[in-house]
Amino acid sequence: MADLAGAPRPSSSVKLVLLGEAAVGKSSLVLRFVNNDFQENKEPTIGAAFLTQKCNLPTRTIKFEIWDTAGQERFASLAPMYYRNAQAALVVYDLTKPTSLVKAKHWVAELQRQASPGIVIALVGNKLDLTNDSGDGEGTDANDSGDARKVSTEEAKTYAEEESLLFFETSAKTGYNVTEVFTAIANAIPETSLKTARGAGASAAAASRAEEQRVNLNGPRDPNAKEGCAC
Amino acid sequence: MAPQENNVTDIDPPPPPLPPRRKQSGEVSLASLQVAPAQSRPTTALSSIDIATLSFPDGSRGTFPTTAMRAVSSPVPSASGCATPNQAGLSSASDELTDSMSVMSFAQTLRPPGDLASLVAGEMNRKSRAWNLLRSQSTTVQPFECFDAGAPDDLAGFEYEFDNIPDATAEGANDEQRLSLWKSKMKHYMILSSAGKPIYSRHGDLSLVNSYMGIIQTIISFYEGASNPLLGFTAGNARFVIATEGPLYFVAISRLGESDAQLRGQLEALYMQILSTLTLPTLKNIFVHRPSTDLRKPLEGTESLLSSLADSFSKGSPSALLGALECLKLRKSQRNSINNTFLKMRCDKLLYGLIVAGGKLVSVIRPRKHSLHPSDLQLIFNMLFESGGIRAGGGENWVPLCLPAFNNRGYLYMYVSFFAGNPDSTSAASPAQKERSSSDSLEEQDEVAVVLISPDKESFYDLKEMRDKLAHQLGKNGSLAIVKAAANEGRPRIGAIAPDAQISHFLYKSRANVQFCMSSLEPAFSGLEKMVVRRRLMSLYHQLHASMHIKHSHLKVLHCINEGAASLAWITPVFEFYCIASPNVSREVMTQGANKIIQWAKREEERLFIIGGGVF
Ligand SMILES: Nc1nc2c(ncn2[C@@H]2O[C@H](COP(=O)(O)OP(=O)(O)O)[C@@H](O)[C@H]2O)c(=O)[nH]1
Ligand SMILES: [Mg+2]
């Protein structure tokens with residue numbers, strides 16, 4: 001699939017790591033972003049998963065190299081391997097579970113201490129569909145016993161601003177805000193920290209194919225958009 | 001510290017998977033049986049031969065009651081420690097076990113038989129013409145068909161065995177219903193700490209089973225002080241088997257009829273999975289410092305692996321039963337070419353390399369001084385093919401794990417990548433298809449995975465590069481297509497091996513290679529709706545295997561008929577062979593078929609099994 005990589009736009013690789021407590025939905029966010037899919041009873045990640053996915057911006061193509069970690073206590077000592085040299089991090093919590101925000105703050109602190117200085121960090125509160133304000137109104141439990149939200153938007157947002165993090169509330173289940181997170185990260189990576197992966201100069205055919213894979217910000221993408229993924 | 005270590009080293013280390021091939025000259029023969037010592041119960045065995053001939057074409061057979069026998073596992077007389085509340089009930093169960101076996105052929109000392117057929121067939125098998133005529137109409141009866149016709153069924157409800165018990169918060173589920181669902185399960189596995197803290201239960205959340213764990217802990221610790229620890233007991237038609245591993249108790253509760261030794265093997269595998277997550281020193285440390293620790297937190301994420309192991313045992317795993325691995329059948333030259341490519345692409349960081357297709361081993365490369373242990377491979381295969389955790393990710397995985405049989409003190413790092421199985425399918429691994437309840441996962445996987453194991457936790461990118469080069473090379477030289485085609489083809493069909501053999505299914509284990517092959521489960525034993533009949537098949541294999549492996553029995557050949565099926569087992573120093581046929585297939589016909597299959601396995605040995613593998 002390397003032959004698809006040579007879009008005319010400059011293309012650069014970005015190493016991105018997902019951190020956060022187990023079961024907050026890290027793998028589900030990645031699955032939504034890479035395959036536009038969701039699984040209700042996802043089995044826990046074992047170790048860490050490495051995936052790639054392209055994100056086409058108007059002026060350049062970002063090829064995300066994503067490390068989805070399992071987030072288990074016993075592998076905490078391995079985490080540095082995943083965030084070392086990472087240009088971006090997604091720190092995820094479950095907005096129905098306050099302890100997961102505490103854990104997320106720990107990760108943010110560790111990243112600020114140990115990771116590359118320029119790292120772009122996004123704080124993501126996931127499972128928005130379980131709350132009353134589930135973004136696009138698709139929340140499944142919205143008319144049930146009501147709101148499962150335990151972490152207010154205000155609280156998380158204030159914290160994110162203090163620490164200069166990007167902040168999103170998402171639902172991997174409905175897809176709400178998921179691509180937006182990755183696009184915002186792609187946009188926030190400073191031009192200077194981008195190493196151009198491959199020179200421009202591919203055939204027109206490849207270019208038009210690359211065009212089709214453009215990330216559509218307005219809705220679910222064609223499931224076949226997996227194309228750009230080099231896994 | 002010392003005694004705990006002993007516990008682990010005491011376990012018989014499984015033999016290495018790919019030792020040098022034992023030289024076995026000549027044809028398959030039973031000559032070796034002559035030296036076997038005489039068996040202790042020959043009279044009973046021989047007298048039951050005549051009983052066996054009283055069968056009828058419709059599969060009915062009133063002579064020996066067999067239903068009770070399967071309800072409770074036959075407790076193998078073990079050296080010590082069987083605390084058995086109802087001794088009487090048990091001994092009658094084992095009497096029935098003996099009765100139901102129509103032929104037990106032990107060491108034949110009078111006449112050196114040329115093959116299996118001549119060993120078990122003879123004068124006493126000769127029937128009248130009328131009988132033969134009757135018999136000739138009967139071969140269309142399938143194994144286990146009697147259960148469709150309403151024979152008493154001890155697997156009733158097995159199709160719901162793997163359905164989840166709703167948790168307490170689910171609407172319309174009161175505790176009473178949840179408990180009765182829980183009790184309806186035929187197989188339970190529980191893990192608790194010796195302090196009585198629940199760690200794992202296959203069925204029901206811990207709040208539901210907490211009190212039962214407490215009872216079990218009380219019973220176990222009651223015997224603890226005595227020099228005679230509790231190993232197992234029977235209650236009603238359930239067999240309880242207990243294994244103590246350091247600070248942990250493992251309990252299997254089964255109404256599926258496995259032997260104690262088989263259940264113990266299953267518990268051992270669960271323990272190996274826990275060690276694989278934690279390593280032995282970590283496990284010991286945790287409990288040395290705080291005996292009341294809740295191990296669930298440190299084990300986080302392991303539960304799904306334990307459950308997929310447990311479920312593969314409950315469904316019936318030939319691999320676990322035989323303690324052997326299954327390989328993908330390939331031409332010798334093709335396998336050599338793959339091994340050589342694999343070796344050529346090897347990077348310095350590599351310890352072990354595996355190529356696996358649909359749960360079957362395709363190629364192994366390893367350092368000369370290390371071999372891979374079947375129990376370690378069982379954990380890896382479970383992780384890759386039975387649990388969804390890795391395939392569901394859809395990418396490449398980097399997994400720290402301890403391979404306890406290799407070294408239980410530290411982690412290795414495993415790189416895993418699946419080649420997309422079917423180029424047409426949109427989501428490579430289609431993990432959605434993998435439901436916990438699916439019974440045919442073994443049969444349907446044609447995905448090819450590359451597994452690269454290194455002691456270096458920083459070696460991900462090196463191994464990834466190696467995999468990319470390997471994938472490129474295997475694609476270029478056509479090997480990948482060959483592997484995929486072989487995996488798609490599935491297991492060999494008996495029709496293709498021995499067209500007129502009236503055998504429905506077989507298992508063949510090559511003892512020297514610690515590998516096995518089996519015939520296709522399709523169509524009779526595969527698919528979701530066939531889960532029960534598949535379990536019947538596996539239960540029968542478990543019974544055969546248990547009978548053949550009773551300590552000091554020196555049983556070599558066993559032919560057995562019950563209302564469901566006829567079965568045959570044969571063990572030599574070279575192989576273990578088990579097969580199943582319609583209950584009306586005569587012993588002669590069955591042994592002839594078995595001979596043909598064994599000759600086929602002999603002929604195809606270098607295609608069926610990995611002999612040696614790639615060594616560096
Ligand atoms: N309702 C809801 N459930 C989610 C969402 N994201 C993940 N889940 C569920 O939460 C569980 C854990 O998700 P997973 O992605 O494995 O979490 P991880 O351990 O952080 O990777 C799974 O059962 C998912 O189906 C979401 O946005 N909404
Ligand atoms: Mg995950």
# chains A, B, ... in the order shown; residues from 1 in each chain; ligands from 1
$ residues_near_ligand --ligand "ligand 2" --cutoff "9 Å" --atoms "only C-alpha atoms and all ligand atoms" --output "PyMOL selection string"
(chain A and resi 22-28+30+42-49+68-71) or (chain B and resi 389+393)
$ write_last_selection --atoms "all heavy atoms" --output "CSV table (one decimal), in the first residue's frame"
chain,number,residue,atom,x,y,z
A,22,ALA,N,-8.3,1.5,31.5
A,22,ALA,CA,-8.9,0.4,30.7
A,22,ALA,C,-10.4,0.7,30.6
A,22,ALA,O,-11.1,1.2,31.5
A,22,ALA,CB,-8.6,-0.9,31.3
A,23,ALA,N,-11.0,0.3,29.4
A,23,ALA,CA,-12.4,0.3,29.2
A,23,ALA,C,-13.0,1.7,29.0
A,23,ALA,O,-14.3,1.8,29.0
A,23,ALA,CB,-13.2,-0.5,30.2
A,24,VAL,N,-12.2,2.8,28.9
A,24,VAL,CA,-12.8,4.1,28.6
A,24,VAL,C,-13.2,4.3,27.2
A,24,VAL,O,-14.0,5.1,26.8
A,24,VAL,CB,-11.9,5.2,29.0
A,24,VAL,CG1,-11.7,5.2,30.5
A,24,VAL,CG2,-10.6,5.2,28.3
A,25,GLY,N,-12.7,3.4,26.3
A,25,GLY,CA,-13.1,3.5,24.9
A,25,GLY,C,-11.9,3.9,23.9
A,25,GLY,O,-12.2,4.3,22.8
A,26,LYS,N,-10.7,3.7,24.3
A,26,LYS,CA,-9.6,4.1,23.5
A,26,LYS,C,-9.6,3.3,22.2
A,26,LYS,O,-9.5,3.8,21.1
A,26,LYS,CB,-8.2,3.8,24.2
A,26,LYS,CG,-8.0,4.6,25.5
A,26,LYS,CD,-6.7,4.3,26.1
A,26,LYS,CE,-6.6,2.9,26.7
A,26,LYS,NZ,-7.6,2.6,27.7
A,27,SER,N,-9.7,2.0,22.3
A,27,SER,CA,-9.7,1.1,21.1
A,27,SER,C,-10.9,1.4,20.3
A,27,SER,O,-10.9,1.4,19.0
A,27,SER,CB,-9.7,-0.4,21.5
A,27,SER,OG,-8.6,-0.6,22.3
A,28,SER,N,-12.0,1.7,20.9
A,28,SER,CA,-13.3,2.0,20.1
A,28,SER,C,-13.1,3.3,19.3
A,28,SER,O,-13.6,3.4,18.2
A,28,SER,CB,-14.4,2.1,21.1
A,28,SER,OG,-14.6,0.9,21.8
A,30,VAL,N,-10.3,4.4,18.2
A,30,VAL,CA,-9.4,4.1,17.0
A,30,VAL,C,-10.2,3.3,16.0
A,30,VAL,O,-10.1,3.6,14.8
A,30,VAL,CB,-8.2,3.3,17.5
A,30,VAL,CG1,-7.3,2.9,16.3
A,30,VAL,CG2,-7.4,4.1,18.5
A,42,LYS,N,-16.6,-5.0,23.1
A,42,LYS,CA,-15.2,-5.2,22.6
A,42,LYS,C,-14.3,-5.9,23.6
A,42,LYS,O,-14.4,-5.6,24.8
A,42,LYS,CB,-14.7,-3.8,22.3
A,42,LYS,CG,-13.6,-3.8,21.3
A,42,LYS,CD,-13.3,-2.4,20.8
A,42,LYS,CE,-12.2,-2.3,19.8
A,42,LYS,NZ,-11.4,-3.6,19.8
A,43,GLU,N,-13.6,-6.8,23.2
A,43,GLU,CA,-12.7,-7.5,24.1
A,43,GLU,C,-11.5,-6.6,24.4
A,43,GLU,O,-11.1,-5.8,23.6
A,43,GLU,CB,-12.2,-8.8,23.6
A,43,GLU,CG,-13.3,-9.8,23.5
A,43,GLU,CD,-12.8,-11.2,23.4
A,43,GLU,OE1,-11.8,-11.6,24.1
A,43,GLU,OE2,-13.4,-12.0,22.6
A,44,PRO,N,-11.0,-6.6,25.6
A,44,PRO,CA,-9.9,-5.7,26.0
A,44,PRO,C,-8.7,-5.9,25.1
A,44,PRO,O,-8.4,-7.0,24.7
A,44,PRO,CB,-9.6,-6.0,27.5
A,44,PRO,CG,-10.5,-7.2,27.8
A,44,PRO,CD,-11.4,-7.5,26.7
A,45,THR,N,-8.0,-4.8,24.9
A,45,THR,CA,-6.8,-4.8,24.1
A,45,THR,C,-5.7,-5.6,24.9
A,45,THR,O,-5.7,-5.6,26.1
A,45,THR,CB,-6.3,-3.4,24.0
A,45,THR,OG1,-7.3,-2.6,23.4
A,45,THR,CG2,-5.1,-3.3,23.0
A,46,ILE,N,-5.0,-6.4,24.2
A,46,ILE,CA,-3.9,-7.1,24.8
A,46,ILE,C,-2.6,-6.5,24.4
A,46,ILE,O,-2.3,-6.3,23.3
A,46,ILE,CB,-3.9,-8.6,24.3
A,46,ILE,CG1,-5.3,-9.2,24.7
A,46,ILE,CG2,-2.8,-9.4,25.0
A,46,ILE,CD1,-5.5,-10.6,24.1
A,47,GLY,N,-1.8,-6.1,25.4
A,47,GLY,CA,-0.6,-5.4,25.1
A,47,GLY,C,-0.9,-4.0,24.5
A,47,GLY,O,-1.6,-3.2,25.1
A,48,ALA,N,-0.4,-3.8,23.3
A,48,ALA,CA,-0.7,-2.5,22.6
A,48,ALA,C,-0.9,-2.9,21.2
A,48,ALA,O,-0.3,-3.8,20.6
A,48,ALA,CB,0.4,-1.6,22.8
A,49,ALA,N,-1.8,-2.1,20.5
A,49,ALA,CA,-2.0,-2.3,19.1
A,49,ALA,C,-1.4,-1.1,18.3
A,49,ALA,O,-1.5,0.0,18.8
A,49,ALA,CB,-3.5,-2.4,18.8
A,68,ASP,N,-2.2,2.2,20.3
A,68,ASP,CA,-3.4,2.1,21.2
A,68,ASP,C,-3.0,1.1,22.4
A,68,ASP,O,-2.8,-0.1,22.2
A,68,ASP,CB,-4.6,1.5,20.4
A,68,ASP,CG,-5.7,1.1,21.3
A,68,ASP,OD1,-5.9,1.7,22.4
A,68,ASP,OD2,-6.6,0.2,20.9
A,69,THR,N,-2.8,1.7,23.5
A,69,THR,CA,-2.3,0.9,24.7
A,69,THR,C,-3.4,0.3,25.4
A,69,THR,O,-4.5,0.7,25.4
A,69,THR,CB,-1.4,1.8,25.6
A,69,THR,OG1,-2.2,2.8,26.2
A,69,THR,CG2,-0.3,2.4,24.9
A,70,ALA,N,-3.1,-0.7,26.2
A,70,ALA,CA,-4.1,-1.5,26.9
A,70,ALA,C,-4.5,-0.7,28.2
A,70,ALA,O,-5.6,-0.9,28.8
A,70,ALA,CB,-3.7,-2.9,27.3
A,71,GLY,N,-3.6,0.1,28.7
A,71,GLY,CA,-4.0,0.9,29.9
A,71,GLY,C,-4.0,0.1,31.2
A,71,GLY,O,-4.6,0.6,32.2
B,389,GLY,N,-9.3,-10.3,21.4
B,389,GLY,CA,-8.5,-9.2,21.8
B,389,GLY,C,-7.5,-8.7,20.8
B,389,GLY,O,-7.3,-7.5,20.6
B,393,GLY,N,-8.4,-5.9,17.0
B,393,GLY,CA,-7.7,-4.6,16.9
B,393,GLY,C,-7.5,-4.2,15.4
B,393,GLY,O,-7.5,-3.1,15.1
$ interface_residues --of "chain B" --to "chain A" --cutoff "6 Å" --atoms "only C-alpha atoms" --output "PyMOL selection string"
chain B and resi 301+388-389+395-399
$ write_last_selection --atoms "C-alpha atoms" --output "CSV table (one decimal), in the first residue's frame"
chain,number,residue,atom,x,y,z
B,301,GLY,CA,-7.6,-7.8,30.9
B,388,GLY,CA,-11.0,-11.6,20.1
B,389,GLY,CA,-8.5,-9.2,21.8
B,395,GLY,CA,-3.6,-3.8,13.3
B,396,GLU,CA,-0.3,-5.0,14.6
B,397,ASN,CA,0.1,-6.0,18.2
B,398,TRP,CA,2.9,-5.8,20.7
B,399,VAL,CA,2.3,-8.0,23.6
$ residues_around --residues "range 94-104 of chain A" --least-positions-apart "3" --cutoff "7 Å" --atoms "only C-alpha atoms" --output "number ranges by chain"
A: 20-21, 24, 91, 107-108, 125-127, 148-151
$ write_last_selection --atoms "C-alpha atoms" --output "short mmCIF file (atom, residue, chain, number, x, y, z; two decimals), in the first residue's frame"
data_model
loop_
_atom_site.label_atom_id
_atom_site.label_comp_id
_atom_site.auth_asym_id
_atom_site.auth_seq_id
_atom_site.Cartn_x
_atom_site.Cartn_y
_atom_site.Cartn_z
CA GLY A 20 -6.18 6.24 29.66
CA GLU A 21 -7.77 3.81 32.03
CA VAL A 24 -12.84 4.08 28.62
CA VAL A 91 -5.69 11.01 26.79
CA TRP A 107 -1.24 10.59 32.26
CA VAL A 108 -1.24 14.25 31.27
CA GLY A 125 -14.21 12.51 27.37
CA ASN A 126 -15.79 9.50 25.71
CA LYS A 127 -19.21 7.76 25.86
CA ALA A 148 -25.16 8.76 33.27
CA ARG A 149 -22.76 11.70 33.09
CA LYS A 150 -20.53 11.95 36.13
CA VAL A 151 -17.94 14.39 34.84
#
$ closest_residue --among "B:Val251, B:Ile216, B:Ile390, B:Ala481" --to "ligand 1" --atoms "only C-alpha atoms and all ligand atoms"
B:Ile390
$ atom_distance --atom1 "atom 17 (O, counted along the ligand's line) of ligand 1" --atom2 "CA of Leu401 in chain B"
20.2 Å
$ closest_residue --among "A:Val120, A:Ala79, A:Cys55, A:Leu130" --to "ligand 1" --atoms "only C-alpha atoms and all ligand atoms"
A:Leu130
$ residues_around --residues "Ala186 in chain A" --least-positions-apart "6" --cutoff "10 Å" --atoms "only C-alpha atoms" --output "JSON, numbers by chain"
{"A": [14, 55, 56, 57, 60, 61, 62, 63, 64, 87, 88, 120, 180]}
$ write_last_selection --atoms "N, CA and C atoms" --output "PDB file, in the first residue's frame"
ATOM      1  N   VAL A  14       2.917  11.059  11.725  1.00  0.00           N
ATOM      2  CA  VAL A  14       2.777  11.576  13.078  1.00  0.00           C
ATOM      3  C   VAL A  14       2.558  10.403  14.020  1.00  0.00           C
ATOM      4  N   CYS A  55      -4.930  11.066   7.307  1.00  0.00           N
ATOM      5  CA  CYS A  55      -5.864  12.155   7.527  1.00  0.00           C
ATOM      6  C   CYS A  55      -5.463  13.249   6.548  1.00  0.00           C
ATOM      7  N   ASN A  56      -6.349  13.550   5.601  1.00  0.00           N
ATOM      8  CA  ASN A  56      -5.992  14.519   4.573  1.00  0.00           C
ATOM      9  C   ASN A  56      -6.442  15.921   4.965  1.00  0.00           C
ATOM     10  N   LEU A  57      -5.481  16.798   5.094  1.00  0.00           N
ATOM     11  CA  LEU A  57      -5.779  18.208   5.354  1.00  0.00           C
ATOM     12  C   LEU A  57      -5.681  18.944   4.029  1.00  0.00           C
ATOM     13  N   ARG A  60      -1.882  19.349   3.381  1.00  0.00           N
ATOM     14  CA  ARG A  60      -0.951  18.225   3.514  1.00  0.00           C
ATOM     15  C   ARG A  60      -1.677  16.973   3.994  1.00  0.00           C
ATOM     16  N   THR A  61      -0.986  15.844   3.895  1.00  0.00           N
ATOM     17  CA  THR A  61      -1.539  14.583   4.376  1.00  0.00           C
ATOM     18  C   THR A  61      -0.783  14.162   5.613  1.00  0.00           C
ATOM     19  N   ILE A  62      -1.543  13.826   6.633  1.00  0.00           N
ATOM     20  CA  ILE A  62      -0.917  13.327   7.857  1.00  0.00           C
ATOM     21  C   ILE A  62      -1.158  11.830   7.926  1.00  0.00           C
ATOM     22  N   LYS A  63      -0.081  11.107   8.094  1.00  0.00           N
ATOM     23  CA  LYS A  63      -0.229   9.667   8.279  1.00  0.00           C
ATOM     24  C   LYS A  63      -0.021   9.357   9.761  1.00  0.00           C
ATOM     25  N   PHE A  64      -1.134   9.078  10.435  1.00  0.00           N
ATOM     26  CA  PHE A  64      -1.045   8.770  11.861  1.00  0.00           C
ATOM     27  C   PHE A  64      -0.495   7.367  12.075  1.00  0.00           C
ATOM     28  N   GLN A  87       4.428  12.690  18.671  1.00  0.00           N
ATOM     29  CA  GLN A  87       4.110  14.102  18.458  1.00  0.00           C
ATOM     30  C   GLN A  87       2.733  14.436  18.988  1.00  0.00           C
ATOM     31  N   ALA A  88       1.952  13.411  19.260  1.00  0.00           N
ATOM     32  CA  ALA A  88       0.592  13.673  19.736  1.00  0.00           C
ATOM     33  C   ALA A  88       0.142  12.582  20.693  1.00  0.00           C
ATOM     34  N   VAL A 120       1.520  17.386  21.256  1.00  0.00           N
ATOM     35  CA  VAL A 120       0.143  17.897  21.270  1.00  0.00           C
ATOM     36  C   VAL A 120      -0.723  16.902  22.027  1.00  0.00           C
ATOM     37  N   GLU A 180     -13.184  14.623  14.266  1.00  0.00           N
ATOM     38  CA  GLU A 180     -12.824  15.997  14.645  1.00  0.00           C
ATOM     39  C   GLU A 180     -11.592  15.994  15.565  1.00  0.00           C
TER      40      GLU A 180
END
$ select_by_dssp --residues "range 28-153 of chain A" --states "strand (DSSP E or B)" --output "MDAnalysis selection string"
chainID A and resid 48:56 61:69 88:94 120:126
$ closest_residue --among "A:Pro117, A:Asn177, A:Leu90, A:Thr59" --to "Lys105 in chain A" --atoms "only C-alpha atoms"
A:Leu90
$ atom_distance --atom1 "CA of Gly232 in chain B" --atom2 "CA of Ser201 in chain B"
18.0 Å
$ residues_around --residues "Ser207 in chain B" --least-positions-apart "3" --cutoff "12 Å" --atoms "only C-alpha atoms" --output "list in words"
Asp167, Ala168, Thr169, Asp175, Arg178, Leu179, Lys197, Pro198, Ile199, Tyr200, Ser201, His203, Gly204, Asn210, Ser211, Tyr212, Met213 and Gly214 of chain B
$ closest_residue --among "A:Thr192, A:Ser164, A:Ser77, A:Ser12" --to "Lys457 in chain B" --atoms "only C-alpha atoms"
A:Ser77
$ residues_around --residues "range 237-244 of chain B" --least-positions-apart "3" --cutoff "7 Å" --atoms "only C-alpha atoms" --output "list in words"
Ala71, Val72, Ser73, Leu231, Gly232, Phe233, Thr234, Leu248, Tyr249, Phe250, Val251, Ala252, Ile253, Ser254, Arg255, Asp260, Leu263, Arg264 and Leu267 of chain B
$ residues_around --residues "Phe575 in chain B" --least-positions-apart "6" --cutoff "9 Å" --atoms "only C-alpha atoms" --output "list in words"
Tyr508, Lys509, Ser510, Arg511 and Ala512 of chain B
$ write_last_selection --atoms "C-alpha atoms" --output "PDB file, in the first residue's frame"
ATOM      1  CA  TYR B 508      -4.266 -39.013  15.225  1.00  0.00           C
ATOM      2  CA  LYS B 509      -1.446 -37.865  17.476  1.00  0.00           C
ATOM      3  CA  SER B 510       2.155 -38.327  16.513  1.00  0.00           C
ATOM      4  CA  ARG B 511       3.765 -38.853  19.884  1.00  0.00           C
ATOM      5  CA  ALA B 512       7.327 -38.091  18.838  1.00  0.00           C
TER       6      ALA B 512
END
$ atom_distance --atom1 "CA of Tyr223 in chain B" --atom2 "CA of Gly265 in chain B"
21.8 Å
